[in-house]
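See below for the structure under consideration.
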Amino acid sequence: MPRQRLFRFPWRTAAQVAADVDEELDFHLELMAQELVDEGWPPEGARAEAVRRFGDLEGTRRVCRSLDTRKETQMKWTESLGDFGQDLRFGGRQLAKSPGFTLVAILTLALGIGATISVFSVVYGVVLRSLPWTEPERLVRPLFVSPEGEEHGAFSAPNFVDLRAQSRTLSGLAGVNGGTLNLSGLGAEPERLPAAHVTANYFDVLGVRPLAGRTFAADEDRPGAPRVAVISEELWGRRFGRDPKVIGQSLTLSGQPYTVVGVLARGTQLPSGADVWVPLVFSEQDLRQRGAVYFAAIGRLAPGVSWEQARAELEVIARRLAQQYPDANAGYMKGMTLQSLQENMTSDTRKPLLILLGAVASVLLIACVNVANLLLVRAAAREGEIVIRAALGAGRARIVRQLLTESLVLSLAGGAAGVALAAWVTKMLVKLAPREIPRLEEIGLDGTILLFALGLSLLTGLLFGLAPALQTSRTDLSGVIREGTRGSKGRAATRARGALVVLEMAMAVVLLAGAGLLIRSFARLQQVDPGFNPKGVVTFNLELPASKYSDDAKLRTFMAGLLERLEQLPGVSSAGATVYGMPLDDQVNVLTFSVAGRPPAPPGKEDSMRIANATPDYFRTLGIRIVRGRGFTPQDRDGAPQVVVITEEAARRFFPHEEPLGKRIDLGWTVDDVPRGGEVVGIAADFKQETLSQKSEPQLYLPYDQAPLESLAVVLRSDRDPQVVAAAAKEKVRELDPDLPIYGLQSMADVVAKSTAQSRFYMLLLGGFAVISLVLAAIGIYGVIAYAVRQRTQEIGIRMALGATGERVTRMVVSQGIVLAGVGAVVGLAAALLATRGMQSLLFEVKASDPTIYVGVAAVLVAVAAFASYLPARRAARTDPQLALRGEV
Amino acid sequence: MPKTSLDLMQGTVAVLILKTLSWGAMHGYDISRSIRQRSDGALGLEDAALYQALHRLERKGWIHAEWGLSENNRRAKFYQLTPDGRSALQAEVSTWRSYVEAVSKVLETA
């Protein structure tokens, strides 16, 4: 047991330990030599004799030094640990003594840390965590660069095969084509599955192993190979109850039989996000059509090959392909660039998420500032205690350490509460987040996040604890004793608190400005006229498999039967269908055309617009106005004169100075020797084709009967509950074709809501952070003013005794708060102008420098600050001058 | 100095040091001299072994060292027993006694 000492000598360094050993041995040798001289040895030989008699002097020196050094280290550790434990216990007691302060501090920190962890776990799951593949950083997506400098990721089969054969820098190149397949049979409702057609090497390139069974063998993507499929773990559970016998079982996908060969584990479905994978087979015909670009490619860099080497080589190959096949390629590829697959998957969400992370970090910083402020106020109250500790011999470092330990206790408690909060908030975030954000299902609190939380808590503790600790420990003993207990460093501390409040005000301004911009942008988005009336409209999709609906006549018959049945449903006032025409949908079909009677445009310079087809009642059902002329009628059937309807934008763009009605539009292709196109019989209102924020593009409609296609979007208008209508519609489709799955069933109102979901998500989040930061900043300014008022009680008493009215005192105190807020607002506005520059791409019809927002934010801040200072000001105004002067308040 | 065949075991050195220090704080030279005088030099304890044992005992916490001034006003390292060292001494002494008794019995009856 080491003896409990009341004080100790300072720790010795290794050199000091060695010197002490030397001195001790030297002392011995000297006395020994003296003894020898006394016995009669000649003085000059005495020292040597003493050394000889000592025995192994150097060995002893070594042993003693090492023993002492080890003892010293051990004691140092024991004492530090002991001190730390003591600090912890003492800190805990101090915090327990002021439960109000402790609770406010922990709650503030929990809010800041919890919010940060939540957002970080989303950012980490979506952007930072590496993808579930072997060496994901070596996976690339080759993109062609067009002569105009645009990047295209789409490959044709011949270009893909050539690139794969010629490249030496890629160890593998796989093709993948997303899409959907109808799953039928299995004694259950038919289902539309997200599917991917992939080349046989796809799984090897990604480095993904199956959960059960196998992936594709090398020759299974050749024409004529037996049809095989890999399914997702999710589908395996849902349709097969995780039965291991699924391997080898047969599936009917879009009318074709496939044999299941493997199951892919959850989380490895990316980038295709499919439930079923089938081989991407290139037919003889596919391999001849170099211009038909329809699928994406994913490559893996060969070992030892750098990104730049691969890009350079692929660029050369792309140029060669463009020269070799100018007809198909020259207009499409001038060069090639590579995109990291991870970046490709997250590029759209990366920026807004990082903005959110920045915003939430500001919230945390504001929370830190608030707690630091609380600590400073508390430190003033504890000055007496600190002085006594210093007088008893505690060094400055020792006092700082004690105060920091208290901060760490606070921040760790706040962090623990924050993690609990984050567990809940993260779940909410994932639920609220728009589906466009990839990998949402992988978000959650895991070891990495918890480690992050711990690190964050410690950092937070240092951040808010260090400045107050240094400030508090800078104690001028004599000053305090001379001035009594009333704060020797009152003025410096007040300045520090004022600076902190200005800082948090400024950060709140930045957040408020960002949120204000998003809110204004969202409001603008809500006001956009989508060009149709979503109210009471239900929509769903059908994909008629080509194997069953092999010609136009069958498609027309199906459509006629479908619309007739749907219109008979109770409550349904009209029904229609379109292919490629749905608003707020990413299906786009752009074709070139010419106007009869105009000189032909040079090749490559033809006009183009979006082409869709529509049934007669489609416009009425969706509430798309026919501005002039007429819509389609049942008479516009196959064999009747061909007609088209164009949108207002098409009329403006392509018929700027003439009447489009009656003009004939040629689409430049023929069916059964009949050139397609038709006479413009009507002009329909513009509508938003993909997103609410984009401009309406020119669009042309053909009557469905005159140009039938397979991928239908059906719309129903009814005054009944959408759920009921949907269920009835499902039944009607089943009557017509029991194998045909309905998918994408939703109300048009939901479609509109989903198209703004992403904006709403970011707006809500940033808005929430801004509100939290404003509240924290208000608490901060309240704390500072309240403290200042308490310190100035005597002064206020004198003023009132000299005749100042309560109103005057109130004004004086409130103006102090407003000055702080004003300075904070000015600093914050300058910072916000810089910080919001990066947000422009998230804004719709709002400039990032929109002055109304900035003026509004500054006004809100000053108003909140005025209110927060009014509360202590009112108390100050009620000061009783007599009590104040006697120092009894 | 008379030669001796007695080889000192480490444990024995420790007991001798602890016993010597039971009269009060001493520096290394005094400990060495005191042991030499009281055993009439018969033990032949080398100073090298003595100092190594001192530092080992200090590390063990049985003795405690502090720098002080010697009789001739030089800085010297003084050792003294800690409470732990005191109880260790009692234990060691009784062990030693019973050992010696046992060995003597064997030698006397032979």
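If you're wondering about the labels, chains in the structure tokens are A, B, ... by order shown, residues count from 1 in each chain, ligands from 1 in order shown.
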* stretch 333-439 of chain A: which residues are strand (DSSP E or B) by DSSP, as a ChimeraX atom specification? -> /A:335-340
* Give the residues of chain B that lie within 9 Å of chain A; count only C-alpha atoms, and format the answer as number ranges by chain. => B: 27-30, 46-49, 51-56, 58-62, 74-77, 82-84
* Using only C-alpha atoms, determine which residues lie at most 8 Å from B:Tyr79, disregarding the query and same-chain residues fewer than 4 positions distant; provide the list as a VMD selection string. => chain B and resid 21 25 to 28 63 to 66
Restricting the output to N, CA and C atoms, write the selected residues as an mmCIF file, in the first residue's frame.
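So the final result, stored in out.cif, reads:
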data_model
loop_
_atom_site.group_PDB
_atom_site.id
_atom_site.type_symbol
_atom_site.label_atom_id
_atom_site.label_comp_id
_atom_site.auth_asym_id
_atom_site.auth_seq_id
_atom_site.Cartn_x
_atom_site.Cartn_y
_atom_site.Cartn_z
ATOM 1 N N LEU B 21 16.814 -0.918 9.731
ATOM 2 C CA LEU B 21 16.048 0.320 9.683
ATOM 3 C C LEU B 21 15.040 0.425 10.825
ATOM 4 N N ALA B 25 15.633 6.065 10.685
ATOM 5 C CA ALA B 25 16.031 6.363 9.312
ATOM 6 C C ALA B 25 17.542 6.354 9.189
ATOM 7 N N MET B 26 18.059 5.829 8.080
ATOM 8 C CA MET B 26 19.512 5.750 7.854
ATOM 9 C C MET B 26 19.770 5.885 6.377
ATOM 10 N N HIS B 27 20.976 6.356 6.024
ATOM 11 C CA HIS B 27 21.352 6.310 4.616
ATOM 12 C C HIS B 27 22.129 5.038 4.335
ATOM 13 N N GLY B 28 22.336 4.760 3.041
ATOM 14 C CA GLY B 28 22.877 3.475 2.605
ATOM 15 C C GLY B 28 24.188 3.120 3.278
ATOM 16 N N ILE B 63 9.987 0.181 2.273
ATOM 17 C CA ILE B 63 10.745 1.288 2.864
ATOM 18 C C ILE B 63 10.483 2.539 2.040
ATOM 19 N N HIS B 64 10.714 3.687 2.640
ATOM 20 C CA HIS B 64 10.433 4.945 1.992
ATOM 21 C C HIS B 64 11.688 5.792 2.067
ATOM 22 N N ALA B 65 12.048 6.446 0.945
ATOM 23 C CA ALA B 65 13.292 7.214 0.932
ATOM 24 C C ALA B 65 12.994 8.703 0.862
ATOM 25 N N GLU B 66 13.829 9.481 1.554
ATOM 26 C CA GLU B 66 13.717 10.932 1.450
ATOM 27 C C GLU B 66 15.113 11.526 1.507
#
* **B:Gly44, B:Ser32, B:Trp23, B:Leu57 ranked by distance to B:Gly85, top pick (using only C-alpha atoms)** => B:Leu57
* Asked: Please, what distance in Å, to one decimal, runs between atom CA of A:Arg288 and atom CA of A:Pro142?
  ->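 Going from atom CA of A:Arg288 over to atom CA of A:Pro142 covers 21.5 Å.
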* To do: For A:Ala749, list every protein, DNA or RNA residue within 12 Å, evaluated using only C-alpha atoms, and leave out those in the same chain fewer than 6 positions away; present the list as a ChimeraX atom specification.
  => /A:530,532-539,583-584,622,717,722,755-756
* To do: Tell me which protein, DNA and RNA residues are within 9 Å of stretch 91-98 of chain B, counting only C-alpha atoms, leaving out same-chain ones fewer than 6 positions away, and put them as an NGL selection string.
  => :B and (11-12 or 15 or 19)
* Please give the complete set of residues from chain B that DSSP, run on the backbone, assigns to alpha helix (DSSP H), formatted as number ranges by chain. => B: 10-21, 28-38, 47-60, 83-109
* Point out the residue among A:Asn201, A:Ser362, A:Ser473, A:Gln791 with the least atom-to-atom distance to A:Gly395, counting only C-alpha atoms. =>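 Among the listed residues, the smallest separation from A:Gly395 belongs to A:Ser473.
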* To do: With a distance cut-off of 6 Å and only C-alpha atoms, select the neighbouring residues of A:Val360, excluding the residue or stretch itself and same-chain residues fewer than 3 positions from it, and output the selection as a VMD selection string.
  => chain A and resid 116 357 363
Please identify all polymer residues within 12 Å of B:Arg36, counting only C-alpha atoms, omitting same-chain residues fewer than 3 positions from it, and present them as a PDB file with C-alpha atoms, in the first residue's frame.
ATOM      1  CA  MET B   1      38.610  -9.099   6.204  1.00  0.00           C
ATOM      2  CA  PRO B   2      37.980 -12.802   7.010  1.00  0.00           C
ATOM      3  CA  LEU B  16      18.826  -7.489   7.440  1.00  0.00           C
ATOM      4  CA  ILE B  17      17.939  -4.120   5.898  1.00  0.00           C
ATOM      5  CA  THR B  20      18.606  -2.346  10.607  1.00  0.00           C
ATOM      6  CA  TYR B  29      26.428   3.810   3.949  1.00  0.00           C
ATOM      7  CA  ASP B  30      25.248   3.674   7.576  1.00  0.00           C
ATOM      8  CA  ILE B  31      23.094   0.627   6.837  1.00  0.00           C
ATOM      9  CA  SER B  32      26.076  -1.088   5.250  1.00  0.00           C
ATOM     10  CA  ARG B  33      28.392  -0.209   8.128  1.00  0.00           C
ATOM     11  CA  SER B  39      27.914  -9.321  12.115  1.00  0.00           C
ATOM     12  CA  ASP B  40      31.648  -8.689  12.679  1.00  0.00           C
ATOM     13  CA  GLY B  41      32.006  -8.713   8.918  1.00  0.00           C
ATOM     14  CA  ALA B  42      31.173 -12.381   8.860  1.00  0.00           C
ATOM     15  CA  LEU B  43      28.334 -12.018   6.340  1.00  0.00           C
ATOM     16  CA  GLY B  44      30.444 -10.423   3.592  1.00  0.00           C
ATOM     17  CA  LEU B  45      27.463  -8.501   2.292  1.00  0.00           C
ATOM     18  CA  GLU B  46      28.506  -6.706  -0.882  1.00  0.00           C
ATOM     19  CA  ASP B  47      27.426  -3.076  -1.106  1.00  0.00           C
ATOM     20  CA  LEU B  50      22.730  -3.932  -0.599  1.00  0.00           C
TER      21      LEU B  50
END
